[in-house]
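Chemist: The structure under discussion is supplied below as structure tokens; questions concerning it will follow.
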Amino acid sequence: MIIVYHCFGGSHSSVTAAAIHLGLLPRDRLPTAAELLALPYFDGCSKGEEGELKYMGTDASGNRVYAAGKKNLGIRFETLIYDLADILGIPRCEILLLNTSPLVNLAMRLGGFISRRLGLALPGRPVVIRGTRSAYRRLVDFVEQNRNLWAGQEAGELSTQLVP
């Protein structure tokens with residue numbers, strides 16, 4: 001299965017959720033700032049990289065896990081990915097799209113805007129780290145709540161019905 005965590009910019013909530021999924025971050029405690037910054041792509045996607053699938057790793061079940069930014073595409077992002085899969089002959093049940101956008105808080109939005117959109121990482125990064133740590137428990141819960149979708153059950157079109 002191909003699992004894609006997606007959010008607006010593809011630098012924070014989607015990367016963090018994918019890292020939780022892969023066991024790169026702890027589930028039982030808040031990660032340190034250093035642990036977040038050590039993640040591939042955390043606070044690293046620049047303007048114009050939205051829509052790129054960033055490979056995060058392969059999980060214990062053999063699923064390929066990605067993070068992506070979708071900018072203002074909203075649900076159209078999922079439609080685009082599923083339509084492309086259909087064209088390529090990939091069954092929809094082999095793709096799971098998990099939207100982490102509803103889990104993003106104000107500090108993540110503000111810090112991400114300053115760091116990624118304005119290119120001012122020095123003042124924006126501490127804000128986005130604080131916001132990510134604040135949202136962390138919800139991100140862990142989101143990954144855990146959806147685990148059954150990649151642990152042997154078909155994903156189908158369930159991703160649009162997920163409740164964070």
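FYI, nothing fancy with the structure tokens labels: chains A, B, ... in order, residues from 1 per chain, ligands from 1 as they appear.
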List the neighbours of Tyr82 (chain A) out to 10 Å using only C-alpha atoms; skip same-chain residues closer than 6 positions along the sequence, and give me the result as a PyMOL selection string.
Modeler: chain A and resi 76+88+90-93+95-97+157
Chemist: Let me see the file: selected residues, C-alpha atoms, as a compact mmCIF listing (two decimals), in the first residue's frame.
Modeler:
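Once everything was written out, this is selection02.txt:
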```
# COMPACT_ATOMS: atom_id res chain seq x y z
CA ARG A 76 -9.16 18.06 -5.11
CA LEU A 88 -1.71 4.15 -14.03
CA ILE A 90 -3.19 1.23 -9.47
CA PRO A 91 -6.31 0.14 -7.55
CA ARG A 92 -7.64 2.79 -5.18
CA CYS A 93 -7.57 0.28 -2.35
CA ILE A 95 -3.59 4.07 -1.81
CA LEU A 96 -4.47 5.61 1.52
CA LEU A 97 -4.63 9.41 1.74
CA GLU A 157 -12.16 5.63 -0.39
```
Chemist: As an MDAnalysis selection string, please: the residues near region 24-38 of chain A (cut-off 10 Å, only C-alpha atoms, same-chain neighbours under 2 positions excluded).
Modeler: chainID A and resid 12 15:22 40:44 56:57 125:126 128:130 132:137 139:141 143:144
Chemist: Where does DSSP see alpha helix (DSSP H) in chain A, if you list the residues as a VMD selection string?
Modeler: chain A and resid 13 to 22 33 to 37 75 to 88 106 to 112 121 to 146
Chemist: Point out the residue among A:Ala151, A:Met1, A:Leu80, A:Ala107 with the least atom-to-atom distance to Glu94 (chain A), counting only C-alpha atoms.
Modeler: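 Among A:Ala151, A:Met1, A:Leu80, A:Ala107, it is A:Met1 that comes nearest to Glu94 (chain A).
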Chemist: Could you pull the residues within 12 Å of Leu73 (chain A), counting only C-alpha atoms, minus those fewer than 5 positions along the same chain, as a list in words?
Modeler: His6, Cys7, Phe8, Gly9, Glu50, Gly51, Ala68, Glu78, Thr79, Leu80, Ile81, Asn99 and Ser101 of chain A
Chemist: With only C-alpha atoms as the counted atoms, please give the residues lying no more than 7 Å from region 102-104 of chain A, apart from itself and same-chain residues fewer than 2 positions off, as a tab-separated table (two decimals) with N, CA and C atoms, in the first residue's frame.
Modeler:
```tsv
chain	number	residue	atom	x	y	z
A	13	SER	N	2.75	19.05	9.81
A	13	SER	CA	1.85	18.01	10.33
A	13	SER	C	1.95	16.71	9.53
A	100	THR	N	-3.94	15.56	7.34
A	100	THR	CA	-3.57	16.04	8.68
A	100	THR	C	-3.89	17.52	8.88
A	106	LEU	N	-2.93	27.16	15.33
A	106	LEU	CA	-2.53	28.52	14.94
A	106	LEU	C	-1.02	28.71	14.96
A	108	MET	N	1.29	26.50	14.45
A	108	MET	CA	1.87	25.82	13.29
A	108	MET	C	1.65	26.64	12.03
A	109	ARG	N	0.46	27.20	11.89
A	109	ARG	CA	0.16	28.02	10.70
A	109	ARG	C	1.06	29.26	10.67
A	135	ALA	N	0.37	20.14	19.18
A	135	ALA	CA	-0.56	19.28	18.43
A	135	ALA	C	-0.14	17.82	18.42
A	138	ARG	N	-2.47	14.86	19.42
A	138	ARG	CA	-3.54	14.67	18.43
A	138	ARG	C	-3.01	13.95	17.19
A	139	LEU	N	-1.78	14.26	16.79
A	139	LEU	CA	-1.18	13.59	15.64
A	139	LEU	C	-0.95	12.11	15.94
A	164	PRO	N	-10.39	13.45	12.39
A	164	PRO	CA	-9.20	13.60	13.22
A	164	PRO	C	-9.56	13.70	14.68
```
Chemist: For Phe77 (chain A), which residue out of A:Leu53, A:Ser61, A:Leu122, A:Asn146 is the nearest one, using only C-alpha atoms?
Modeler: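 Ranked by minimum distance to Phe77 (chain A), first place goes to A:Leu53.
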Chemist: How far is it from CA of Lys71 (chain A) to CA of Ile3 (chain A), in Å with one decimal?
Modeler: 18.6 Å
